[in-house]
Amino acid sequence: MHTIIAAALVLVQVQSAAAATETATCAPTSEAEIAKLFDRWNTSLATLSPQEVAKNYSEDSVLLATLSDKPRLTQAERIDYFEHFLANEPKGHIDSRDIKIGCNWAVDTGTYTFTLKDGSKVPARYTYTYEFKDSAWLITSHHSSMMPEK
């Protein structure tokens with residue numbers, strides 16, 4: 001019995017050591033490339049197609065949108081939000097940003113302003129988290145809220 005337990009412990013130690021020496025393959029990227037992901041998203045808004053906008057999000061992404069109290073957890077829910085949001089023909093402009101990059105993830109946080117078709121402007125703060133998945137950068141979470149102070 002002691003031999004079986006000892007053999008099992010050795011096997012666990014070998015597997016743990018092997019797992020510790022494995023390294024993830026990190027997709028090469030830069031702040032400029034991550035900044036372009038907002039441009040890609042903003043360009044998809046210009047299509048006025050909720051489905052095109054939703055393609056920027058991973059299937060399990062969370063959208064906490066500027067003009068909705070409801071967390072959008074599925075593609076169908078994100079498409080529903082963008083059907084209403086796109087009716088305003090929004091055009092986003094980054095006012096300030098800070099980008100952090102890790103292995104196959106990035107975070108873009110800052111402030112932006114949306115200009116709507118009636119000429120009104122909506123200043124907001126945002127956070128996009130991205131993951132490099134299946135050879136593409138996708139939004140894994142997106143939080144946007146209007147500025148609390150006017």
# chains A, B, ... in the order shown; residues from 1 in each chain; ligands from 1
call {"tool": "select_by_dssp", "arguments": {"residues": "segment 51-141 of chain A", "states": "strand (DSSP E or B)", "output": "number ranges by chain"}}
result
A: 57-64, 72, 91-102, 105-115, 121-133, 136-141
call {"tool": "residues_around", "arguments": {"residues": "Pro90 of chain A", "least_positions_apart": "5", "cutoff": "6 Å", "atoms": "only C-alpha atoms", "output": "list in words"}}
result
Phe114, Thr115 and Leu116 of chain A
call {"tool": "closest_residue", "arguments": {"among": "A:Lys91, A:Ser58, A:Leu138, A:Ile79", "to": "Thr43 of chain A", "atoms": "only C-alpha atoms"}}
result
A:Lys91
call {"tool": "select_by_dssp", "arguments": {"residues": "segment 81-115 of chain A", "states": "helix (DSSP H, G or I)", "output": "list in words"}}
result
Tyr81, Phe82, Glu83, His84, Phe85, Leu86, Ala87 and Asn88 of chain A
call {"tool": "write_last_selection", "arguments": {"atoms": "all heavy atoms", "output": "compact mmCIF listing (two decimals), in the first residue's frame"}}
result
# COMPACT_ATOMS: atom_id res chain seq x y z
N TYR A 81 -29.28 45.26 -27.12
CA TYR A 81 -28.83 46.58 -26.67
C TYR A 81 -28.43 47.45 -27.86
O TYR A 81 -28.83 48.61 -27.97
CB TYR A 81 -27.67 46.48 -25.68
CG TYR A 81 -27.10 47.84 -25.37
CD1 TYR A 81 -27.78 48.71 -24.53
CD2 TYR A 81 -25.92 48.28 -25.96
CE1 TYR A 81 -27.29 49.99 -24.26
CE2 TYR A 81 -25.43 49.55 -25.71
CZ TYR A 81 -26.12 50.40 -24.86
OH TYR A 81 -25.64 51.67 -24.62
N PHE A 82 -27.61 46.89 -28.75
CA PHE A 82 -27.11 47.69 -29.86
C PHE A 82 -28.20 48.05 -30.87
O PHE A 82 -28.08 49.07 -31.54
CB PHE A 82 -25.90 47.02 -30.51
CG PHE A 82 -24.66 47.14 -29.66
CD1 PHE A 82 -24.09 46.03 -29.08
CD2 PHE A 82 -24.11 48.39 -29.40
CE1 PHE A 82 -22.97 46.15 -28.27
CE2 PHE A 82 -22.99 48.52 -28.60
CZ PHE A 82 -22.42 47.40 -28.03
N GLU A 83 -29.26 47.27 -30.96
CA GLU A 83 -30.39 47.66 -31.82
C GLU A 83 -30.93 49.02 -31.39
O GLU A 83 -31.24 49.88 -32.21
CB GLU A 83 -31.51 46.61 -31.77
CG GLU A 83 -31.19 45.38 -32.58
CD GLU A 83 -32.22 44.28 -32.43
OE1 GLU A 83 -33.13 44.39 -31.58
OE2 GLU A 83 -32.10 43.27 -33.17
N HIS A 84 -31.01 49.24 -30.08
CA HIS A 84 -31.53 50.51 -29.56
C HIS A 84 -30.46 51.61 -29.60
O HIS A 84 -30.73 52.74 -29.98
CB HIS A 84 -32.05 50.32 -28.13
CG HIS A 84 -33.13 49.28 -28.07
ND1 HIS A 84 -34.40 49.50 -28.54
CD2 HIS A 84 -33.11 48.00 -27.61
CE1 HIS A 84 -35.13 48.41 -28.38
NE2 HIS A 84 -34.37 47.49 -27.82
N PHE A 85 -29.23 51.27 -29.20
CA PHE A 85 -28.14 52.24 -29.15
C PHE A 85 -27.81 52.78 -30.55
O PHE A 85 -27.61 53.98 -30.74
CB PHE A 85 -26.91 51.61 -28.51
CG PHE A 85 -25.76 52.56 -28.30
CD1 PHE A 85 -25.88 53.66 -27.46
CD2 PHE A 85 -24.54 52.35 -28.94
CE1 PHE A 85 -24.81 54.53 -27.25
CE2 PHE A 85 -23.47 53.21 -28.74
CZ PHE A 85 -23.61 54.30 -27.90
N LEU A 86 -27.80 51.90 -31.54
CA LEU A 86 -27.44 52.32 -32.90
C LEU A 86 -28.49 53.22 -33.55
O LEU A 86 -28.18 53.93 -34.50
CB LEU A 86 -27.18 51.09 -33.77
CG LEU A 86 -25.93 50.28 -33.39
CD1 LEU A 86 -25.83 49.04 -34.26
CD2 LEU A 86 -24.67 51.11 -33.47
N ALA A 87 -29.71 53.22 -33.03
CA ALA A 87 -30.74 54.12 -33.56
C ALA A 87 -30.33 55.58 -33.41
O ALA A 87 -30.76 56.45 -34.16
CB ALA A 87 -32.07 53.87 -32.84
N ASN A 88 -29.41 55.85 -32.46
CA ASN A 88 -28.89 57.21 -32.24
C ASN A 88 -27.70 57.55 -33.14
O ASN A 88 -27.16 58.65 -33.05
CB ASN A 88 -28.46 57.37 -30.77
CG ASN A 88 -29.62 57.25 -29.83
OD1 ASN A 88 -30.65 57.88 -30.02
ND2 ASN A 88 -29.45 56.43 -28.80
call {"tool": "residues_around", "arguments": {"residues": "segment 39-42 of chain A", "least_positions_apart": "4", "cutoff": "10 Å", "atoms": "only C-alpha atoms", "output": "PyMOL selection string"}}
result
chain A and resi 33-35+46-47+52-57+90-94+139
call {"tool": "residues_around", "arguments": {"residues": "Ser141 of chain A", "least_positions_apart": "5", "cutoff": "9 Å", "atoms": "only C-alpha atoms", "output": "ChimeraX atom specification"}}
result
/A:57-58,60-64,127-130
call {"tool": "atom_distance", "arguments": {"atom1": "atom CA of Met147 of chain A", "atom2": "atom CA of Ala124 of chain A"}}
result
5.0 Å
call {"tool": "closest_residue", "arguments": {"among": "A:Leu37, A:Leu67, A:Leu73, A:Val122", "to": "Trp137 of chain A", "atoms": "only C-alpha atoms"}}
result
A:Leu37
call {"tool": "closest_residue", "arguments": {"among": "A:Ala136, A:Glu31, A:Pro148, A:Thr25", "to": "Arg97 of chain A", "atoms": "only C-alpha atoms"}}
result
A:Glu31
call {"tool": "atom_distance", "arguments": {"atom1": "atom CA of Gly102 of chain A", "atom2": "atom CA of Met146 of chain A"}}
result
27.8 Å
call {"tool": "residues_around", "arguments": {"residues": "Asp98 of chain A", "least_positions_apart": "3", "cutoff": "9 Å", "atoms": "only C-alpha atoms", "output": "JSON, numbers by chain"}}
result
{"A": [107, 108, 109, 110]}
call {"tool": "closest_residue", "arguments": {"among": "A:Glu89, A:Thr29, A:Asn104, A:Ser135", "to": "Ser44 of chain A", "atoms": "only C-alpha atoms"}}
result
A:Glu89
call {"tool": "decode", "arguments": {"residues": "segment 56-129 of chain A", "atoms": "C-alpha atoms", "output": "short mmCIF file (atom, residue, chain, number, x, y, z; two decimals), in the first residue's frame"}}
result
data_model
loop_
_atom_site.label_atom_id
_atom_site.label_comp_id
_atom_site.auth_asym_id
_atom_site.auth_seq_id
_atom_site.Cartn_x
_atom_site.Cartn_y
_atom_site.Cartn_z
CA ASN A 56 -16.30 42.22 -31.46
CA TYR A 57 -17.38 40.40 -28.28
CA SER A 58 -16.50 36.90 -27.13
CA GLU A 59 -19.46 34.57 -26.63
CA ASP A 60 -19.08 34.75 -22.83
CA SER A 61 -18.45 38.49 -22.70
CA VAL A 62 -20.16 40.85 -20.24
CA LEU A 63 -21.50 44.19 -21.48
CA LEU A 64 -22.41 46.79 -18.85
CA ALA A 65 -23.64 49.43 -21.27
CA THR A 66 -23.90 53.19 -20.92
CA LEU A 67 -27.62 53.43 -21.55
CA SER A 68 -28.92 50.26 -19.92
CA ASP A 69 -29.28 49.00 -16.35
CA LYS A 70 -29.29 45.37 -17.52
CA PRO A 71 -26.04 43.38 -17.78
CA ARG A 72 -25.82 41.85 -21.27
CA LEU A 73 -24.40 38.34 -20.92
CA THR A 74 -25.26 36.71 -24.25
CA GLN A 75 -24.81 37.69 -27.88
CA ALA A 76 -28.60 37.99 -28.20
CA GLU A 77 -28.70 40.41 -25.26
CA ARG A 78 -25.80 42.45 -26.68
CA ILE A 79 -27.50 42.58 -30.09
CA ASP A 80 -30.71 43.75 -28.40
CA TYR A 81 -28.83 46.58 -26.67
CA PHE A 82 -27.11 47.69 -29.86
CA GLU A 83 -30.39 47.66 -31.82
CA HIS A 84 -31.53 50.51 -29.56
CA PHE A 85 -28.14 52.24 -29.15
CA LEU A 86 -27.44 52.32 -32.90
CA ALA A 87 -30.74 54.12 -33.56
CA ASN A 88 -28.89 57.21 -32.24
CA GLU A 89 -26.10 56.74 -34.86
CA PRO A 90 -23.35 57.12 -32.24
CA LYS A 91 -19.81 58.07 -33.14
CA GLY A 92 -17.25 57.54 -30.40
CA HIS A 93 -14.12 59.56 -29.75
CA ILE A 94 -11.47 58.65 -27.16
CA ASP A 95 -10.69 61.58 -24.84
CA SER A 96 -8.16 59.83 -22.59
CA ARG A 97 -6.94 56.27 -22.15
CA ASP A 98 -4.61 53.95 -20.28
CA ILE A 99 -3.73 50.57 -21.78
CA LYS A 100 -2.32 47.62 -19.85
CA ILE A 101 -1.09 44.50 -21.68
CA GLY A 102 -0.41 40.97 -20.44
CA CYS A 103 -0.08 37.55 -22.00
CA ASN A 104 -3.08 37.27 -24.33
CA TRP A 105 -5.05 39.92 -22.45
CA ALA A 106 -5.29 43.68 -22.48
CA VAL A 107 -7.29 46.36 -20.70
CA ASP A 108 -8.16 49.73 -22.23
CA THR A 109 -9.59 52.18 -19.68
CA GLY A 110 -10.41 55.83 -20.07
CA THR A 111 -12.96 58.37 -21.14
CA TYR A 112 -14.78 58.85 -24.41
CA THR A 113 -17.48 61.01 -25.88
CA PHE A 114 -20.26 59.87 -28.17
CA THR A 115 -21.78 62.29 -30.64
CA LEU A 116 -25.32 61.31 -31.56
CA LYS A 117 -27.23 62.02 -34.78
CA ASP A 118 -29.06 64.97 -33.16
CA GLY A 119 -25.69 66.58 -32.39
CA SER A 120 -25.86 65.90 -28.65
CA LYS A 121 -22.76 64.60 -26.90
CA VAL A 122 -22.59 61.92 -24.22
CA PRO A 123 -19.32 61.91 -22.24
CA ALA A 124 -18.64 58.59 -20.52
CA ARG A 125 -15.94 56.54 -18.90
CA TYR A 126 -15.13 53.05 -20.13
CA THR A 127 -13.23 49.84 -19.57
CA TYR A 128 -12.71 47.23 -22.27
CA THR A 129 -11.01 43.96 -21.42
#
